[in-house]
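Working notes, beginning with the structure itself.
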Amino acid sequence: MSKARTLEVIIRGDLVQRNLILKLGEALSESKFKADFSASIVVPPFQKAVAKHYPSLGVLYVMVDLEDKFNFERMLTELCKAECCEIVSIRELEEE
């Protein structure tokens, strides 16, 4: 039987301008992965960030089936690379 895992993913880059969260959601919808996520994005003062290309920081909490974990990570890595964003960390949260 499969078991769900919770991953904490931190991403750095132009998340808003590149619409990374929407693209990730669309990619998940098109895949057969048993996964979903919530996201929080921190943007520096927006006008200055856009003018000077300051990166945003996104924290995703991903609920993914153990069977799909590595495929999800690979899909996310490829998407971030294509959108010139950096995955700072991916870590599995411990269940208590």
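By convention here, the chains of the structure tokens are called A, B, ... in the order presented, each chain's residues are numbered starting at 1, and ligands are numbered starting at 1 in the order presented.
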
Contacts of Leu7 of chain A at 6 Å (only C-alpha atoms; same-chain gap of 2+ positions) as an MDAnalysis selection string: chainID A and resid 61:62 91:93

Output all heavy atoms for every residue in that selection, as a PDB file, in the first residue's frame.
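So the final result, stored in part.pdb, reads:
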```
ATOM      1  N   TYR A  61       4.574  23.228   0.048  1.00  0.00           N
ATOM      2  CA  TYR A  61       4.351  22.028   0.845  1.00  0.00           C
ATOM      3  C   TYR A  61       3.600  21.076  -0.064  1.00  0.00           C
ATOM      4  O   TYR A  61       2.467  21.326  -0.451  1.00  0.00           O
ATOM      5  CB  TYR A  61       3.582  22.343   2.127  1.00  0.00           C
ATOM      6  CG  TYR A  61       4.447  23.099   3.095  1.00  0.00           C
ATOM      7  CD1 TYR A  61       4.383  24.479   3.189  1.00  0.00           C
ATOM      8  CD2 TYR A  61       5.393  22.423   3.866  1.00  0.00           C
ATOM      9  CE1 TYR A  61       5.225  25.178   4.048  1.00  0.00           C
ATOM     10  CE2 TYR A  61       6.233  23.112   4.727  1.00  0.00           C
ATOM     11  CZ  TYR A  61       6.144  24.480   4.812  1.00  0.00           C
ATOM     12  OH  TYR A  61       6.984  25.167   5.654  1.00  0.00           O
ATOM     13  N   VAL A  62       4.293  20.008  -0.435  1.00  0.00           N
ATOM     14  CA  VAL A  62       3.791  19.073  -1.439  1.00  0.00           C
ATOM     15  C   VAL A  62       3.390  17.781  -0.745  1.00  0.00           C
ATOM     16  O   VAL A  62       4.177  17.185  -0.020  1.00  0.00           O
ATOM     17  CB  VAL A  62       4.874  18.780  -2.501  1.00  0.00           C
ATOM     18  CG1 VAL A  62       4.321  17.862  -3.577  1.00  0.00           C
ATOM     19  CG2 VAL A  62       5.410  20.068  -3.096  1.00  0.00           C
ATOM     20  N   ARG A  91      13.068  18.766   1.140  1.00  0.00           N
ATOM     21  CA  ARG A  91      13.257  17.851   2.279  1.00  0.00           C
ATOM     22  C   ARG A  91      11.915  17.258   2.660  1.00  0.00           C
ATOM     23  O   ARG A  91      10.869  17.893   2.560  1.00  0.00           O
ATOM     24  CB  ARG A  91      13.951  18.537   3.432  1.00  0.00           C
ATOM     25  CG  ARG A  91      13.115  19.362   4.305  1.00  0.00           C
ATOM     26  CD  ARG A  91      13.942  20.024   5.416  1.00  0.00           C
ATOM     27  NE  ARG A  91      13.047  20.919   6.107  1.00  0.00           N
ATOM     28  CZ  ARG A  91      12.678  20.773   7.364  1.00  0.00           C
ATOM     29  NH1 ARG A  91      13.151  19.800   8.091  1.00  0.00           N
ATOM     30  NH2 ARG A  91      11.835  21.613   7.911  1.00  0.00           N
ATOM     31  N   GLU A  92      11.993  16.017   3.066  1.00  0.00           N
ATOM     32  CA  GLU A  92      10.794  15.310   3.496  1.00  0.00           C
ATOM     33  C   GLU A  92      10.556  15.624   4.963  1.00  0.00           C
ATOM     34  O   GLU A  92      11.460  15.521   5.795  1.00  0.00           O
ATOM     35  CB  GLU A  92      10.996  13.801   3.299  1.00  0.00           C
ATOM     36  CG  GLU A  92       9.756  13.005   3.546  1.00  0.00           C
ATOM     37  CD  GLU A  92       9.926  11.548   3.177  1.00  0.00           C
ATOM     38  OE1 GLU A  92      10.580  11.246   2.172  1.00  0.00           O
ATOM     39  OE2 GLU A  92       9.394  10.703   3.938  1.00  0.00           O
ATOM     40  N   LEU A  93       9.324  16.025   5.275  1.00  0.00           N
ATOM     41  CA  LEU A  93       8.982  16.322   6.652  1.00  0.00           C
ATOM     42  C   LEU A  93       8.641  15.023   7.375  1.00  0.00           C
ATOM     43  O   LEU A  93       7.993  14.130   6.820  1.00  0.00           O
ATOM     44  CB  LEU A  93       7.800  17.296   6.706  1.00  0.00           C
ATOM     45  CG  LEU A  93       8.045  18.664   6.057  1.00  0.00           C
ATOM     46  CD1 LEU A  93       6.783  19.525   6.174  1.00  0.00           C
ATOM     47  CD2 LEU A  93       9.227  19.359   6.670  1.00  0.00           C
TER      48      LEU A  93
END
```

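Residue neighbourhood of Leu66 of chain A, excluding near-sequence residues (fewer than 4 positions): Met1, Ser2, Lys3, Ala4, Arg5, Thr6, Lys34, Ala35, Phe70, Asn71 and Phe72 of chain A, at 10 Å, using only C-alpha atoms.
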
Nearest candidate to Glu73 of chain A (options A:Pro45, A:Ile90, A:Arg18, A:Lys23; using only C-alpha atoms):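 For Glu73 of chain A, the nearest of the given residues is A:Ile90.
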
Non-local contacts of Leu20 of chain A (12 Å; only C-alpha atoms; under 5 positions in same chain excluded) as a list of chain:residue names: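 Here the qualifying residues turn out to be A:Ile11, A:Arg12, A:Gly13, A:Asp14, A:Leu15, A:Gly25, A:Glu26, A:Ala27, A:Ala39, A:Ile41, A:Ser56, A:Leu57, A:Gly58, A:Leu60, A:Leu76, A:Thr77, A:Glu78, A:Leu79, A:Cys80, A:Lys81, A:Ala82, A:Glu83, A:Cys84, A:Cys85, A:Glu86.
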
Please produce a file of those selected residues containing C-alpha atoms, as a PDB file, in the first residue's frame.
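Saved to selection_26.pdb:
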```
ATOM      1  CA  ILE A  11      12.504  27.698  -4.764  1.00  0.00           C
ATOM      2  CA  ARG A  12      14.279  30.951  -5.639  1.00  0.00           C
ATOM      3  CA  GLY A  13      13.834  32.939  -8.853  1.00  0.00           C
ATOM      4  CA  ASP A  14      11.371  35.064 -10.806  1.00  0.00           C
ATOM      5  CA  LEU A  15       8.424  32.961  -9.652  1.00  0.00           C
ATOM      6  CA  GLY A  25      -0.114  23.092 -11.156  1.00  0.00           C
ATOM      7  CA  GLU A  26      -0.821  22.515 -14.855  1.00  0.00           C
ATOM      8  CA  ALA A  27       1.986  19.944 -15.094  1.00  0.00           C
ATOM      9  CA  ALA A  39       2.483  27.573  -1.879  1.00  0.00           C
ATOM     10  CA  ILE A  41       5.626  33.256  -2.200  1.00  0.00           C
ATOM     11  CA  SER A  56      11.318  35.878  -5.140  1.00  0.00           C
ATOM     12  CA  LEU A  57      11.296  32.972  -2.743  1.00  0.00           C
ATOM     13  CA  GLY A  58       8.641  30.273  -2.784  1.00  0.00           C
ATOM     14  CA  LEU A  60       5.838  24.698  -1.347  1.00  0.00           C
ATOM     15  CA  LEU A  76       9.894  19.923 -10.630  1.00  0.00           C
ATOM     16  CA  THR A  77      13.645  20.043 -11.292  1.00  0.00           C
ATOM     17  CA  GLU A  78      13.097  20.091 -15.059  1.00  0.00           C
ATOM     18  CA  LEU A  79      10.439  22.812 -14.772  1.00  0.00           C
ATOM     19  CA  CYS A  80      12.648  24.988 -12.561  1.00  0.00           C
ATOM     20  CA  LYS A  81      15.582  24.553 -14.917  1.00  0.00           C
ATOM     21  CA  ALA A  82      13.434  25.524 -17.926  1.00  0.00           C
ATOM     22  CA  GLU A  83      12.182  28.626 -16.072  1.00  0.00           C
ATOM     23  CA  CYS A  84      15.654  29.630 -14.775  1.00  0.00           C
ATOM     24  CA  CYS A  85      14.666  29.115 -11.147  1.00  0.00           C
ATOM     25  CA  GLU A  86      16.735  27.408  -8.467  1.00  0.00           C
TER      26      GLU A  86
END
```

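Minimum distance to Ala49 of chain A across A:Ser31, A:Gln17, A:Met63, A:Arg74 (counting only C-alpha atoms) occurs at A:Gln17.
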
Helix (DSSP H, G or I) per DSSP on the backbone: members of segment 11-81 of chain A, as number ranges by chain: A: 20-30, 46-52, 66-81

Save out the residues we just selected, N, CA and C atoms, as an mmCIF file, in the first residue's frame.
```cif
data_model
loop_
_atom_site.group_PDB
_atom_site.id
_atom_site.type_symbol
_atom_site.label_atom_id
_atom_site.label_comp_id
_atom_site.auth_asym_id
_atom_site.auth_seq_id
_atom_site.Cartn_x
_atom_site.Cartn_y
_atom_site.Cartn_z
ATOM 1 N N LEU A 20 5.580 30.355 -12.361
ATOM 2 C CA LEU A 20 6.044 29.003 -12.046
ATOM 3 C C LEU A 20 4.995 28.174 -11.312
ATOM 4 N N ILE A 21 4.280 28.769 -10.377
ATOM 5 C CA ILE A 21 3.303 28.010 -9.586
ATOM 6 C C ILE A 21 2.165 27.511 -10.473
ATOM 7 N N LEU A 22 1.679 28.362 -11.373
ATOM 8 C CA LEU A 22 0.630 27.951 -12.310
ATOM 9 C C LEU A 22 1.140 26.840 -13.226
ATOM 10 N N LYS A 23 2.351 26.971 -13.723
ATOM 11 C CA LYS A 23 2.921 25.945 -14.606
ATOM 12 C C LYS A 23 3.093 24.614 -13.883
ATOM 13 N N LEU A 24 3.487 24.665 -12.612
ATOM 14 C CA LEU A 24 3.610 23.439 -11.834
ATOM 15 C C LEU A 24 2.239 22.800 -11.635
ATOM 16 N N GLY A 25 1.242 23.611 -11.317
ATOM 17 C CA GLY A 25 -0.114 23.092 -11.156
ATOM 18 C C GLY A 25 -0.635 22.447 -12.429
ATOM 19 N N GLU A 26 -0.389 23.075 -13.576
ATOM 20 C CA GLU A 26 -0.821 22.515 -14.855
ATOM 21 C C GLU A 26 -0.090 21.210 -15.154
ATOM 22 N N ALA A 27 1.209 21.163 -14.865
ATOM 23 C CA ALA A 27 1.986 19.944 -15.094
ATOM 24 C C ALA A 27 1.470 18.801 -14.220
ATOM 25 N N LEU A 28 1.110 19.112 -12.970
ATOM 26 C CA LEU A 28 0.557 18.080 -12.082
ATOM 27 C C LEU A 28 -0.795 17.588 -12.588
ATOM 28 N N SER A 29 -1.615 18.516 -13.087
ATOM 29 C CA SER A 29 -2.933 18.139 -13.614
ATOM 30 C C SER A 29 -2.806 17.212 -14.814
ATOM 31 N N GLU A 30 -1.790 17.458 -15.640
ATOM 32 C CA GLU A 30 -1.580 16.642 -16.841
ATOM 33 C C GLU A 30 -0.912 15.313 -16.525
ATOM 34 N N PHE A 46 7.758 44.962 -4.901
ATOM 35 C CA PHE A 46 7.517 44.511 -6.267
ATOM 36 C C PHE A 46 8.112 45.412 -7.346
ATOM 37 N N GLN A 47 7.892 46.701 -7.275
ATOM 38 C CA GLN A 47 8.394 47.606 -8.311
ATOM 39 C C GLN A 47 9.924 47.538 -8.418
ATOM 40 N N LYS A 48 10.579 47.539 -7.280
ATOM 41 C CA LYS A 48 12.036 47.467 -7.266
ATOM 42 C C LYS A 48 12.517 46.090 -7.730
ATOM 43 N N ALA A 49 11.818 45.059 -7.317
ATOM 44 C CA ALA A 49 12.189 43.693 -7.691
ATOM 45 C C ALA A 49 12.117 43.495 -9.199
ATOM 46 N N VAL A 50 11.073 44.022 -9.822
ATOM 47 C CA VAL A 50 10.924 43.890 -11.270
ATOM 48 C C VAL A 50 12.013 44.686 -11.986
ATOM 49 N N ALA A 51 12.242 45.907 -11.548
ATOM 50 C CA ALA A 51 13.227 46.770 -12.198
ATOM 51 C C ALA A 51 14.647 46.209 -12.067
ATOM 52 N N LYS A 52 14.971 45.654 -10.907
ATOM 53 C CA LYS A 52 16.338 45.188 -10.671
ATOM 54 C C LYS A 52 16.474 43.671 -10.752
ATOM 55 N N LEU A 66 4.194 8.144 -2.126
ATOM 56 C CA LEU A 66 5.567 7.639 -2.109
ATOM 57 C C LEU A 66 5.985 7.109 -3.482
ATOM 58 N N GLU A 67 5.071 6.466 -4.189
ATOM 59 C CA GLU A 67 5.372 5.926 -5.517
ATOM 60 C C GLU A 67 5.737 7.020 -6.517
ATOM 61 N N ASP A 68 5.208 8.212 -6.324
ATOM 62 C CA ASP A 68 5.406 9.309 -7.274
ATOM 63 C C ASP A 68 6.452 10.322 -6.823
ATOM 64 N N LYS A 69 7.026 10.134 -5.659
ATOM 65 C CA LYS A 69 7.922 11.138 -5.079
ATOM 66 C C LYS A 69 9.089 11.482 -6.002
ATOM 67 N N PHE A 70 9.815 10.497 -6.468
ATOM 68 C CA PHE A 70 11.004 10.770 -7.275
ATOM 69 C C PHE A 70 10.637 11.304 -8.653
ATOM 70 N N ASN A 71 9.539 10.836 -9.216
ATOM 71 C CA ASN A 71 9.084 11.376 -10.506
ATOM 72 C C ASN A 71 8.636 12.824 -10.355
ATOM 73 N N PHE A 72 7.976 13.144 -9.247
ATOM 74 C CA PHE A 72 7.581 14.527 -8.995
ATOM 75 C C PHE A 72 8.813 15.408 -8.864
ATOM 76 N N GLU A 73 9.800 14.964 -8.092
ATOM 77 C CA GLU A 73 11.021 15.746 -7.912
ATOM 78 C C GLU A 73 11.719 15.982 -9.249
ATOM 79 N N ARG A 74 11.745 14.970 -10.104
ATOM 80 C CA ARG A 74 12.364 15.122 -11.419
ATOM 81 C C ARG A 74 11.585 16.127 -12.269
ATOM 82 N N MET A 75 10.253 16.044 -12.252
ATOM 83 C CA MET A 75 9.428 16.977 -13.007
ATOM 84 C C MET A 75 9.638 18.412 -12.513
ATOM 85 N N LEU A 76 9.681 18.602 -11.210
ATOM 86 C CA LEU A 76 9.894 19.923 -10.630
ATOM 87 C C LEU A 76 11.279 20.466 -10.993
ATOM 88 N N THR A 77 12.286 19.634 -10.935
ATOM 89 C CA THR A 77 13.645 20.043 -11.292
ATOM 90 C C THR A 77 13.716 20.491 -12.746
ATOM 91 N N GLU A 78 13.100 19.736 -13.641
ATOM 92 C CA GLU A 78 13.097 20.091 -15.059
ATOM 93 C C GLU A 78 12.344 21.397 -15.303
ATOM 94 N N LEU A 79 11.217 21.583 -14.623
ATOM 95 C CA LEU A 79 10.439 22.812 -14.772
ATOM 96 C C LEU A 79 11.229 24.020 -14.268
ATOM 97 N N CYS A 80 11.857 23.881 -13.115
ATOM 98 C CA CYS A 80 12.648 24.988 -12.561
ATOM 99 C C CYS A 80 13.821 25.324 -13.475
ATOM 100 N N LYS A 81 14.463 24.318 -14.010
ATOM 101 C CA LYS A 81 15.582 24.553 -14.917
ATOM 102 C C LYS A 81 15.111 25.292 -16.167
#
```
